[in-house]
file entry_12.cif (mmCIF, C-alpha atoms and all ligand atoms)
data_work
loop_
_atom_site.group_PDB
_atom_site.id
_atom_site.type_symbol
_atom_site.label_atom_id
_atom_site.label_comp_id
_atom_site.auth_asym_id
_atom_site.auth_seq_id
_atom_site.Cartn_x
_atom_site.Cartn_y
_atom_site.Cartn_z
ATOM 1 C CA MET A 1281 -83.531 -78.809 6.060
ATOM 2 C CA GLU A 1282 -80.192 -77.470 4.830
ATOM 3 C CA ILE A 1283 -79.057 -74.162 6.294
ATOM 4 C CA SER A 1284 -79.188 -72.478 2.868
ATOM 5 C CA LYS A 1285 -82.862 -73.494 2.568
ATOM 6 C CA TYR A 1286 -83.652 -71.908 5.922
ATOM 7 C CA GLN A 1287 -81.926 -68.733 4.710
ATOM 8 C CA GLU A 1288 -84.007 -68.755 1.523
ATOM 9 C CA LEU A 1289 -87.149 -69.174 3.571
ATOM 10 C CA ALA A 1290 -86.169 -66.270 5.855
ATOM 11 C CA ASN A 1291 -85.520 -64.117 2.814
ATOM 12 C CA SER A 1292 -88.947 -64.949 1.352
ATOM 13 C CA ILE A 1293 -90.584 -64.155 4.692
ATOM 14 C CA ARG A 1294 -88.904 -60.721 4.725
ATOM 15 C CA LYS A 1295 -89.916 -60.008 1.115
ATOM 16 C CA ASP A 1296 -93.541 -60.869 1.864
ATOM 17 C CA VAL A 1297 -93.544 -58.781 5.044
ATOM 18 C CA LEU A 1298 -92.079 -55.842 3.123
ATOM 19 C CA THR A 1299 -94.753 -56.121 0.431
ATOM 20 C CA LEU A 1300 -97.552 -56.540 2.957
ATOM 21 C CA THR A 1301 -96.569 -53.569 5.080
ATOM 22 C CA TYR A 1302 -96.008 -51.409 1.990
ATOM 23 C CA GLU A 1303 -99.246 -52.345 0.211
ATOM 24 C CA LYS A 1304 -101.516 -52.419 3.248
ATOM 25 C CA LYS A 1305 -99.905 -49.597 5.222
ATOM 26 C CA ALA A 1306 -100.141 -51.795 8.291
ATOM 27 C CA GLY A 1307 -98.024 -54.075 10.417
ATOM 28 C CA PHE A 1308 -94.747 -53.791 12.255
ATOM 29 C CA ILE A 1309 -91.847 -54.307 9.900
ATOM 30 C CA GLY A 1310 -88.931 -53.917 12.349
ATOM 31 C CA SER A 1311 -90.408 -56.429 14.798
ATOM 32 C CA SER A 1312 -91.250 -58.873 11.997
ATOM 33 C CA PHE A 1313 -87.833 -58.741 10.322
ATOM 34 C CA SER A 1314 -86.255 -59.278 13.745
ATOM 35 C CA CYS A 1315 -87.803 -62.750 14.105
ATOM 36 C CA ALA A 1316 -87.860 -63.830 10.412
ATOM 37 C CA ASP A 1317 -84.910 -66.215 10.791
ATOM 38 C CA ILE A 1318 -86.437 -67.780 13.915
ATOM 39 C CA PHE A 1319 -89.691 -68.434 12.040
ATOM 40 C CA ALA A 1320 -87.798 -69.837 9.049
ATOM 41 C CA VAL A 1321 -85.940 -72.452 11.100
ATOM 42 C CA LEU A 1322 -88.963 -73.261 13.236
ATOM 43 C CA TYR A 1323 -91.236 -73.953 10.272
ATOM 44 C CA GLY A 1324 -88.479 -75.222 8.012
ATOM 45 C CA GLY A 1325 -87.359 -77.902 10.419
ATOM 46 C CA TYR A 1326 -89.077 -78.206 13.765
ATOM 47 C CA VAL A 1327 -92.753 -77.363 14.041
ATOM 48 C CA ARG A 1328 -94.871 -80.412 13.312
ATOM 49 C CA LEU A 1329 -97.913 -79.023 11.532
ATOM 50 C CA ASN A 1330 -100.357 -80.797 9.272
ATOM 51 C CA ILE A 1331 -100.902 -77.962 6.822
ATOM 52 C CA ASN A 1332 -104.193 -79.533 5.735
ATOM 53 C CA ASP A 1333 -105.677 -80.050 9.168
ATOM 54 C CA SER A 1334 -105.551 -77.487 11.934
ATOM 55 C CA GLU A 1335 -107.315 -79.988 14.238
ATOM 56 C CA ASP A 1336 -104.676 -82.707 13.846
ATOM 57 C CA GLU A 1337 -103.811 -83.892 17.367
ATOM 58 C CA SER A 1338 -100.153 -84.203 16.471
ATOM 59 C CA ASN A 1339 -99.766 -80.519 15.577
ATOM 60 C CA ASP A 1340 -97.298 -78.622 17.719
ATOM 61 C CA THR A 1341 -98.333 -75.342 19.288
ATOM 62 C CA VAL A 1342 -96.718 -72.050 18.296
ATOM 63 C CA ILE A 1343 -97.532 -68.877 20.203
ATOM 64 C CA LEU A 1344 -96.318 -65.504 18.985
ATOM 65 C CA SER A 1345 -96.421 -63.667 22.269
ATOM 66 C CA LYS A 1346 -95.029 -60.511 20.617
ATOM 67 C CA GLY A 1347 -98.197 -60.583 18.525
ATOM 68 C CA HIS A 1348 -97.473 -57.328 16.700
ATOM 69 C CA ALA A 1349 -95.011 -59.317 14.520
ATOM 70 C CA ALA A 1350 -97.890 -61.355 13.056
ATOM 71 C CA SER A 1351 -96.954 -60.427 9.487
ATOM 72 C CA ALA A 1352 -93.803 -62.575 9.865
ATOM 73 C CA TRP A 1353 -95.881 -65.488 11.179
ATOM 74 C CA TYR A 1354 -98.408 -65.258 8.338
ATOM 75 C CA ALA A 1355 -95.575 -65.016 5.805
ATOM 76 C CA ALA A 1356 -93.893 -68.096 7.302
ATOM 77 C CA LEU A 1357 -97.155 -70.055 7.122
ATOM 78 C CA ALA A 1358 -97.726 -68.891 3.551
ATOM 79 C CA ASN A 1359 -94.232 -69.942 2.511
ATOM 80 C CA ILE A 1360 -94.710 -73.498 3.822
ATOM 81 C CA GLY A 1361 -98.132 -73.813 2.185
ATOM 82 C CA ALA A 1362 -100.283 -73.623 5.322
ATOM 83 C CA LEU A 1363 -101.864 -70.385 4.102
ATOM 84 C CA SER A 1364 -102.322 -69.388 0.499
ATOM 85 C CA LYS A 1365 -100.394 -66.372 -0.752
ATOM 86 C CA GLU A 1366 -103.619 -65.113 -2.321
ATOM 87 C CA ARG A 1367 -105.263 -65.067 1.093
ATOM 88 C CA LEU A 1368 -102.207 -63.519 2.700
ATOM 89 C CA PHE A 1369 -102.129 -60.554 0.328
ATOM 90 C CA GLU A 1370 -105.883 -60.242 0.039
ATOM 91 C CA GLU A 1371 -106.837 -60.518 3.693
ATOM 92 C CA PHE A 1372 -104.044 -58.929 5.736
ATOM 93 C CA HIS A 1373 -105.455 -55.904 7.557
ATOM 94 C CA LYS A 1374 -108.672 -56.021 5.528
ATOM 95 C CA SER A 1375 -111.854 -54.865 7.189
ATOM 96 C CA GLY A 1376 -113.865 -58.003 7.957
ATOM 97 C CA GLY A 1377 -110.863 -60.247 7.210
ATOM 98 C CA ARG A 1378 -109.272 -62.523 9.768
ATOM 99 C CA LEU A 1379 -105.563 -61.865 9.169
ATOM 100 C CA GLY A 1380 -105.266 -58.905 11.471
ATOM 101 C CA VAL A 1381 -102.178 -56.944 12.385
ATOM 102 C CA HIS A 1382 -102.196 -59.096 15.535
ATOM 103 C CA PRO A 1383 -102.901 -62.843 15.343
ATOM 104 C CA LYS A 1384 -106.384 -64.122 15.969
ATOM 105 C CA ARG A 1385 -107.163 -67.646 17.119
ATOM 106 C CA ASN A 1386 -108.147 -70.031 14.287
ATOM 107 C CA SER A 1387 -107.586 -67.384 11.623
ATOM 108 C CA ALA A 1388 -105.236 -69.742 9.778
ATOM 109 C CA THR A 1389 -103.908 -73.279 10.136
ATOM 110 C CA GLY A 1390 -101.340 -73.254 12.930
ATOM 111 C CA ILE A 1391 -102.657 -70.176 14.733
ATOM 112 C CA GLU A 1392 -104.340 -71.393 17.901
ATOM 113 C CA THR A 1393 -103.840 -68.375 20.110
ATOM 114 C CA SER A 1394 -104.776 -64.713 19.877
ATOM 115 C CA THR A 1395 -102.098 -62.333 21.109
ATOM 116 C CA GLY A 1396 -101.304 -58.640 20.998
ATOM 117 C CA SER A 1397 -101.512 -57.711 24.633
ATOM 118 C CA LEU A 1398 -97.904 -58.386 25.596
ATOM 119 C CA GLY A 1399 -97.075 -60.658 28.516
ATOM 120 C CA GLN A 1400 -99.737 -63.302 27.895
ATOM 121 C CA GLY A 1401 -98.099 -65.847 25.592
ATOM 122 C CA LEU A 1402 -95.771 -67.618 27.978
ATOM 123 C CA GLY A 1403 -98.536 -68.365 30.504
ATOM 124 C CA LEU A 1404 -100.673 -69.748 27.677
ATOM 125 C CA GLY A 1405 -97.704 -71.759 26.435
ATOM 126 C CA CYS A 1406 -97.117 -73.249 29.880
ATOM 127 C CA GLY A 1407 -100.777 -74.264 30.010
ATOM 128 C CA ALA A 1408 -100.584 -75.936 26.592
ATOM 129 C CA ALA A 1409 -97.324 -77.717 27.482
ATOM 130 C CA LEU A 1410 -98.787 -78.958 30.759
ATOM 131 C CA ALA A 1411 -101.919 -80.189 28.971
ATOM 132 C CA TYR A 1412 -99.779 -82.197 26.538
ATOM 133 C CA LYS A 1413 -97.938 -83.746 29.496
ATOM 134 C CA ILE A 1414 -101.176 -84.664 31.259
ATOM 135 C CA LYS A 1415 -102.569 -86.206 28.065
ATOM 136 C CA LYS A 1416 -99.252 -88.030 27.538
ATOM 137 C CA GLN A 1417 -98.854 -86.474 24.076
ATOM 138 C CA ASN A 1418 -95.413 -85.643 22.782
ATOM 139 C CA ASN A 1419 -96.341 -82.314 21.123
ATOM 140 C CA ARG A 1420 -94.062 -79.370 21.670
ATOM 141 C CA VAL A 1421 -94.869 -75.754 22.444
ATOM 142 C CA PHE A 1422 -92.825 -72.919 20.948
ATOM 143 C CA VAL A 1423 -93.289 -69.421 22.345
ATOM 144 C CA ILE A 1424 -91.717 -66.275 20.869
ATOM 145 C CA LEU A 1425 -91.323 -63.403 23.296
ATOM 146 C CA GLY A 1426 -90.015 -59.889 22.762
ATOM 147 C CA ASP A 1427 -87.273 -58.750 25.120
ATOM 148 C CA GLY A 1428 -89.165 -55.553 25.925
ATOM 149 C CA GLU A 1429 -92.130 -57.789 26.646
ATOM 150 C CA CYS A 1430 -90.002 -59.438 29.324
ATOM 151 C CA ASN A 1431 -90.441 -56.234 31.348
ATOM 152 C CA GLU A 1432 -93.900 -57.654 32.129
ATOM 153 C CA GLY A 1433 -94.126 -59.508 35.454
ATOM 154 C CA SER A 1434 -96.522 -62.088 34.014
ATOM 155 C CA VAL A 1435 -93.694 -63.393 31.810
ATOM 156 C CA TRP A 1436 -91.685 -64.288 34.907
ATOM 157 C CA GLU A 1437 -94.662 -66.095 36.441
ATOM 158 C CA GLY A 1438 -94.592 -68.240 33.313
ATOM 159 C CA PHE A 1439 -90.884 -68.920 33.690
ATOM 160 C CA MET A 1440 -91.487 -70.042 37.298
ATOM 161 C CA LEU A 1441 -94.345 -72.309 36.309
ATOM 162 C CA ALA A 1442 -92.370 -74.060 33.567
ATOM 163 C CA LYS A 1443 -89.798 -75.271 36.064
ATOM 164 C CA LYS A 1444 -92.377 -76.397 38.613
ATOM 165 C CA TYR A 1445 -94.132 -78.600 36.057
ATOM 166 C CA LYS A 1446 -90.904 -79.756 34.389
ATOM 167 C CA LEU A 1447 -92.112 -78.584 30.987
ATOM 168 C CA ASN A 1448 -89.280 -79.857 28.813
ATOM 169 C CA ASN A 1449 -91.734 -79.758 25.886
ATOM 170 C CA LEU A 1450 -91.671 -75.950 26.129
ATOM 171 C CA ILE A 1451 -89.163 -73.989 24.023
ATOM 172 C CA VAL A 1452 -89.111 -70.230 24.437
ATOM 173 C CA PHE A 1453 -87.367 -67.775 22.132
ATOM 174 C CA ILE A 1454 -86.533 -64.332 23.422
ATOM 175 C CA ASP A 1455 -86.126 -61.996 20.451
ATOM 176 C CA ARG A 1456 -83.357 -59.929 22.049
ATOM 177 C CA ASN A 1457 -83.166 -56.916 19.754
ATOM 178 C CA ARG A 1458 -82.771 -54.467 22.675
ATOM 179 C CA LEU A 1459 -85.212 -52.010 21.089
ATOM 180 C CA GLN A 1460 -88.805 -51.556 22.205
ATOM 181 C CA SER A 1461 -91.478 -49.172 20.906
ATOM 182 C CA TYR A 1462 -90.310 -46.075 22.780
ATOM 183 C CA GLY A 1463 -86.561 -46.584 22.789
ATOM 184 C CA HIS A 1464 -83.683 -48.898 23.523
ATOM 185 C CA ASP A 1465 -83.715 -51.149 26.568
ATOM 186 C CA ASP A 1466 -81.371 -48.980 28.561
ATOM 187 C CA GLU A 1467 -83.666 -45.959 28.035
ATOM 188 C CA VAL A 1468 -86.842 -47.843 29.012
ATOM 189 C CA LEU A 1469 -86.194 -50.723 31.413
ATOM 190 C CA ASN A 1470 -83.080 -52.761 30.874
ATOM 191 C CA MET A 1471 -83.376 -56.520 31.277
ATOM 192 C CA GLY A 1472 -79.611 -56.758 31.871
ATOM 193 C CA GLU A 1473 -78.005 -60.160 31.472
ATOM 194 C CA MET A 1474 -80.874 -62.524 30.815
ATOM 195 C CA LYS A 1475 -78.902 -65.786 30.693
ATOM 196 C CA PRO A 1476 -78.071 -66.078 34.418
ATOM 197 C CA ARG A 1477 -81.619 -65.021 35.311
ATOM 198 C CA LEU A 1478 -83.174 -67.696 33.146
ATOM 199 C CA GLU A 1479 -80.718 -70.309 34.393
ATOM 200 C CA SER A 1480 -81.707 -69.429 37.936
ATOM 201 C CA PHE A 1481 -85.321 -70.067 36.923
ATOM 202 C CA GLY A 1482 -84.313 -73.630 36.028
ATOM 203 C CA PHE A 1483 -84.186 -73.277 32.244
ATOM 204 C CA ASN A 1484 -81.832 -74.940 29.839
ATOM 205 C CA THR A 1485 -80.623 -71.556 28.585
ATOM 206 C CA LEU A 1486 -78.856 -70.950 25.286
ATOM 207 C CA GLU A 1487 -77.671 -67.660 23.849
ATOM 208 C CA ILE A 1488 -77.223 -67.355 20.108
ATOM 209 C CA ASP A 1489 -77.043 -65.045 17.102
ATOM 210 C CA GLY A 1490 -80.728 -64.901 16.212
ATOM 211 C CA HIS A 1491 -79.959 -64.186 12.559
ATOM 212 C CA SER A 1492 -77.739 -67.236 12.095
ATOM 213 C CA CYS A 1493 -79.952 -70.043 10.828
ATOM 214 C CA LYS A 1494 -77.168 -72.460 11.771
ATOM 215 C CA GLU A 1495 -77.131 -71.276 15.389
ATOM 216 C CA ILE A 1496 -80.928 -71.332 15.577
ATOM 217 C CA ASP A 1497 -80.928 -74.871 14.185
ATOM 218 C CA ASP A 1498 -78.244 -76.018 16.650
ATOM 219 C CA ALA A 1499 -80.144 -74.452 19.545
ATOM 220 C CA LEU A 1500 -83.365 -76.203 18.548
ATOM 221 C CA LYS A 1501 -81.557 -79.537 18.183
ATOM 222 C CA ASN A 1502 -80.347 -79.076 21.734
ATOM 223 C CA ALA A 1503 -83.766 -77.923 22.986
ATOM 224 C CA VAL A 1504 -85.760 -80.867 21.665
ATOM 225 C CA ASN A 1505 -83.447 -83.219 23.581
ATOM 226 C CA SER A 1506 -83.447 -81.292 26.843
ATOM 227 C CA ASP A 1507 -84.937 -82.641 30.058
ATOM 228 C CA LYS A 1508 -85.670 -79.052 31.138
ATOM 229 C CA PRO A 1509 -87.701 -76.269 29.544
ATOM 230 C CA THR A 1510 -85.461 -74.356 27.144
ATOM 231 C CA ALA A 1511 -84.997 -70.613 26.722
ATOM 232 C CA ILE A 1512 -83.153 -69.438 23.632
ATOM 233 C CA ILE A 1513 -81.922 -65.873 23.903
ATOM 234 C CA ALA A 1514 -81.679 -64.876 20.261
ATOM 235 C CA ASN A 1515 -79.556 -61.751 19.860
ATOM 236 C CA THR A 1516 -81.149 -59.903 16.974
ATOM 237 C CA ILE A 1517 -81.346 -56.525 15.271
ATOM 238 C CA LYS A 1518 -84.775 -55.005 14.909
ATOM 239 C CA GLY A 1519 -85.429 -54.501 11.181
ATOM 240 C CA LYS A 1520 -82.580 -56.850 10.221
ATOM 241 C CA GLY A 1521 -82.238 -57.349 6.467
ATOM 242 C CA VAL A 1522 -82.695 -53.829 5.100
ATOM 243 C CA ALA A 1523 -80.192 -51.195 6.270
ATOM 244 C CA GLU A 1524 -82.749 -48.365 6.504
ATOM 245 C CA PHE A 1525 -84.969 -50.342 8.906
ATOM 246 C CA GLU A 1526 -82.242 -51.606 11.257
ATOM 247 C CA ASP A 1527 -82.184 -50.633 14.938
ATOM 248 C CA LYS A 1528 -84.304 -47.496 14.525
ATOM 249 C CA VAL A 1529 -87.250 -46.847 16.797
ATOM 250 C CA LEU A 1530 -89.101 -45.155 13.925
ATOM 251 C CA TRP A 1531 -89.321 -48.480 12.094
ATOM 252 C CA HIS A 1532 -91.254 -50.031 14.949
ATOM 253 C CA TYR A 1533 -94.224 -48.054 13.615
ATOM 254 C CA LYS A 1534 -93.487 -46.784 10.142
ATOM 255 C CA TRP A 1535 -94.702 -48.365 6.900
ATOM 256 C CA PRO A 1536 -92.452 -48.312 3.871
ATOM 257 C CA GLU A 1537 -92.969 -45.652 1.214
ATOM 258 C CA LYS A 1538 -92.262 -46.482 -2.436
ATOM 259 C CA GLU A 1539 -88.562 -45.645 -2.173
ATOM 260 C CA HIS A 1540 -88.112 -47.832 0.939
ATOM 261 C CA TYR A 1541 -90.014 -50.641 -0.726
ATOM 262 C CA GLU A 1542 -87.880 -50.587 -3.852
ATOM 263 C CA GLN A 1543 -84.614 -50.226 -1.937
ATOM 264 C CA GLY A 1544 -85.706 -52.970 0.509
ATOM 265 C CA LEU A 1545 -86.547 -55.415 -2.278
ATOM 266 C CA LYS A 1546 -83.196 -54.660 -3.918
ATOM 267 C CA GLU A 1547 -81.253 -55.403 -0.734
ATOM 268 C CA LEU A 1548 -83.243 -58.557 -0.026
ATOM 269 C CA LYS A 1549 -82.658 -59.779 -3.594
ATOM 270 C CA GLU A 1550 -78.927 -59.106 -3.266
ATOM 271 C CA ASN A 1551 -78.842 -61.132 -0.039
ATOM 272 C CA ALA A 1552 -80.908 -64.006 -1.409
HETATM 273 C C1 LIG B 1 -99.635 -55.094 27.580
HETATM 274 C C2 LIG B 1 -99.149 -54.264 26.426
HETATM 275 N N1 LIG B 1 -98.562 -53.084 26.693
HETATM 276 C C3 LIG B 1 -98.128 -52.297 25.674
HETATM 277 C C4 LIG B 1 -98.282 -52.697 24.375
HETATM 278 C C5 LIG B 1 -97.832 -51.798 23.232
HETATM 279 N N2 LIG B 1 -96.636 -52.304 22.580
HETATM 280 C C6 LIG B 1 -96.718 -52.937 21.383
HETATM 281 S S1 LIG B 1 -95.234 -53.424 20.838
HETATM 282 C C7 LIG B 1 -94.456 -52.803 22.179
HETATM 283 C C8 LIG B 1 -92.964 -52.928 22.329
HETATM 284 C C9 LIG B 1 -92.536 -54.346 22.374
HETATM 285 O O1 LIG B 1 -91.135 -54.446 22.429
HETATM 286 P P1 LIG B 1 -90.472 -55.875 22.342
HETATM 287 O O2 LIG B 1 -91.177 -56.830 23.223
HETATM 288 O O3 LIG B 1 -89.028 -55.682 22.612
HETATM 289 O O4 LIG B 1 -90.761 -56.339 20.871
HETATM 290 P P2 LIG B 1 -90.026 -55.940 19.495
HETATM 291 O O5 LIG B 1 -91.066 -55.326 18.660
HETATM 292 O O6 LIG B 1 -88.909 -54.999 19.822
HETATM 293 O O7 LIG B 1 -89.491 -57.212 18.946
HETATM 294 C C10 LIG B 1 -95.355 -52.208 23.052
HETATM 295 C C11 LIG B 1 -94.988 -51.582 24.331
HETATM 296 C C12 LIG B 1 -98.919 -53.946 24.148
HETATM 297 N N3 LIG B 1 -99.109 -54.440 22.916
HETATM 298 N N4 LIG B 1 -99.322 -54.717 25.193
#
call {"tool": "encode", "arguments": {"input": "entry_12.cif", "output": "structure tokens", "more": "lines below"}}
Ligand SMILES: Cc1ncc(C[n+]2csc(CCOP(=O)(O)OP(=O)(O)O)c2C)c(N)n1
result
Amino acid sequence: MEISKYQELANSIRKDVLTLTYEKKAGFIGSSFSCADIFAVLYGGYVRLNINDSEDESNDTVILSKGHAASAWYAALANIGALSKERLFEEFHKSGGRLGVHPKRNSATGIETSTGSLGQGLGLGCGAALAYKIKKQNNRVFVILGDGECNEGSVWEGFMLAKKYKLNNLIVFIDRNRLQSYGHDDEVLNMGEMKPRLESFGFNTLEIDGHSCKEIDDALKNAVNSDKPTAIIANTIKGKGVAEFEDKVLWHYKWPEKEHYEQGLKELKENA
């Protein structure tokens, strides 16, 4: 896909997330905007998914380990036709519905793993990648981690395991927005320089601007040809795309009011 198409897709994802969080008064807008460009390039160009068959053996596995950003995942799936927009807007955060604020296994085509409790996704991803190796299938596994999530020890067990089993079919994004739910990294628990750490864990490690679709695309081109597991440190801004939401701890939790919604749509339209 052309870079401009990825950018259009990212913009549509943000618009849908904005509308969802405004209408439903639910979801995590800052966290979802942070990884919108990553989702756009993944689904625009790399994830092999039969949108008509969630059981298709050739489907790749995507795990949103920072599960609270599910609205961005649903919006990405809706924008590639794997989930209808009607269902997206009808069922998100609806009592009895399956499109929860955190992703639930088998709730939509392409969602194989429930997440929400941080620190679980990489271990699950390693298991899936190892299973594909054992079954001699060439499917890939994409895991999206939060950087605050990387404070969890279980994440580092996953990084160790990936090297041991030579999981070059595993591609991990770290959404490095340096803001968690209670403050910035340096106020909570700073991960410091992640690149040398990940290299020392045996990863093909790339560091990019996580809002540049071109850099995300280049990193994925590199990753799919790597003989090692790949970690992509994507430097991002939480809430990226609407000035009011950017890099503010409040917008981890807050839902847009009418004025934020209208201003947000205006800015997203201007950037389209
Ligand atoms: C095990 C666990 N502990 C705490 C939480 C509550 N929680 C939800 S989001 C969040 C912050 C996550 O920060 P980060 O991983 O940096 O993701 P971001 O939203 O900034 O992209 C926390 C602590 C959780 N979901 N799971």
call {"tool": "residues_near_ligand", "arguments": {"input": "entry_12.cif", "ligand": "ligand LIG 1 (chain B)", "cutoff": "6 Å", "atoms": "all atoms listed in the file", "output": "JSON, numbers by chain"}}
result
{"A": [1311, 1346, 1396, 1397, 1398, 1426, 1427, 1428, 1429, 1459, 1460, 1461]}
call {"tool": "resolve_selection", "arguments": {"input": "entry_12.cif", "expression": "the PyMOL selection byres (((chain A and resi 1408) around 12) and not hetatm)", "output": "ChimeraX atom specification"}}
result
/A:1339-1343,1392-1393,1401-1407,1409-1415,1417-1423,1438,1442,1445,1447,1449-1451
call {"tool": "closest_residue", "arguments": {"input": "entry_12.cif", "among": "A:Asn1332, A:Gln1287, A:Thr1516, A:Thr1299", "to": "Lys1365 (chain A)", "atoms": "only C-alpha atoms"}}
result
A:Thr1299
call {"tool": "resolve_selection", "arguments": {"input": "entry_12.cif", "expression": "the PyMOL selection byres (((chain A and resi 1300-1302) around 10) and not hetatm)", "output": "JSON, numbers by chain"}}
result
{"A": [1294, 1295, 1296, 1297, 1298, 1299, 1303, 1304, 1305, 1306, 1307, 1308, 1309, 1351, 1352, 1355, 1368, 1369, 1370, 1372, 1373, 1381, 1534, 1535, 1536, 1537, 1538, 1540, 1541]}
call {"tool": "axis_aligned_box", "arguments": {"input": "entry_12.cif", "around": "region 1462-1477 of chain A", "padding_each_side": "8 Å", "output": "JSON"}}
result
{"center_x": -84.2, "center_y": -56.0, "center_z": 29.0, "size_x": 28.3, "size_y": 36.1, "size_z": 28.5}
call {"tool": "resolve_selection", "arguments": {"input": "entry_12.cif", "expression": "the PyMOL selection byres (((chain A and resi 1382) around 8) and not hetatm)", "output": "PyMOL selection string"}}
result
chain A and resi 1347-1350+1379-1381+1383-1384+1394-1396
call {"tool": "closest_residue", "arguments": {"input": "entry_12.cif", "among": "A:Lys1443, A:Arg1378, A:Lys1528, A:Lys1546", "to": "Gly1310 (chain A)", "atoms": "only C-alpha atoms"}}
result
A:Lys1528
call {"tool": "closest_residue", "arguments": {"input": "entry_12.cif", "among": "A:Leu1329, A:Met1471, A:Ile1513, A:Ala1523", "to": "Gly1433 (chain A)", "atoms": "all atoms listed in the file"}}
result
A:Met1471
call {"tool": "atom_distance", "arguments": {"input": "entry_12.cif", "atom1": "CA of Cys1430 (chain A)", "atom2": "CA of Tyr1326 (chain A)"}}
result
24.4 Å
call {"tool": "residues_around", "arguments": {"input": "entry_12.cif", "residues": "Lys1518 (chain A)", "least_positions_apart": "4", "cutoff": "9 Å", "atoms": "only C-alpha atoms", "output": "PyMOL selection string"}}
result
chain A and resi 1309-1315+1456-1459+1525-1529+1531-1532
call {"tool": "residues_around", "arguments": {"input": "entry_12.cif", "residues": "region 1488-1504 of chain A", "least_positions_apart": "2", "cutoff": "10 Å", "atoms": "all atoms listed in the file", "output": "MDAnalysis selection string"}}
result
chainID A and resid 1281:1287 1290 1313:1322 1324:1326 1420 1448:1457 1484:1486 1506:1517 1520:1521
call {"tool": "atom_distance", "arguments": {"input": "entry_12.cif", "atom1": "CA of Ala1362 (chain A)", "atom2": "CA of Ser1334 (chain A)"}}
result
9.3 Å
call {"tool": "closest_residue", "arguments": {"input": "entry_12.cif", "among": "A:Ser1387, A:His1464, A:Ala1356, A:Ser1345", "to": "Glu1432 (chain A)", "atoms": "only C-alpha atoms"}}
result
A:Ser1345
call {"tool": "atom_distance", "arguments": {"input": "entry_12.cif", "atom1": "CA of Gly1390 (chain A)", "atom2": "CA of Leu1357 (chain A)"}}
result
7.8 Å
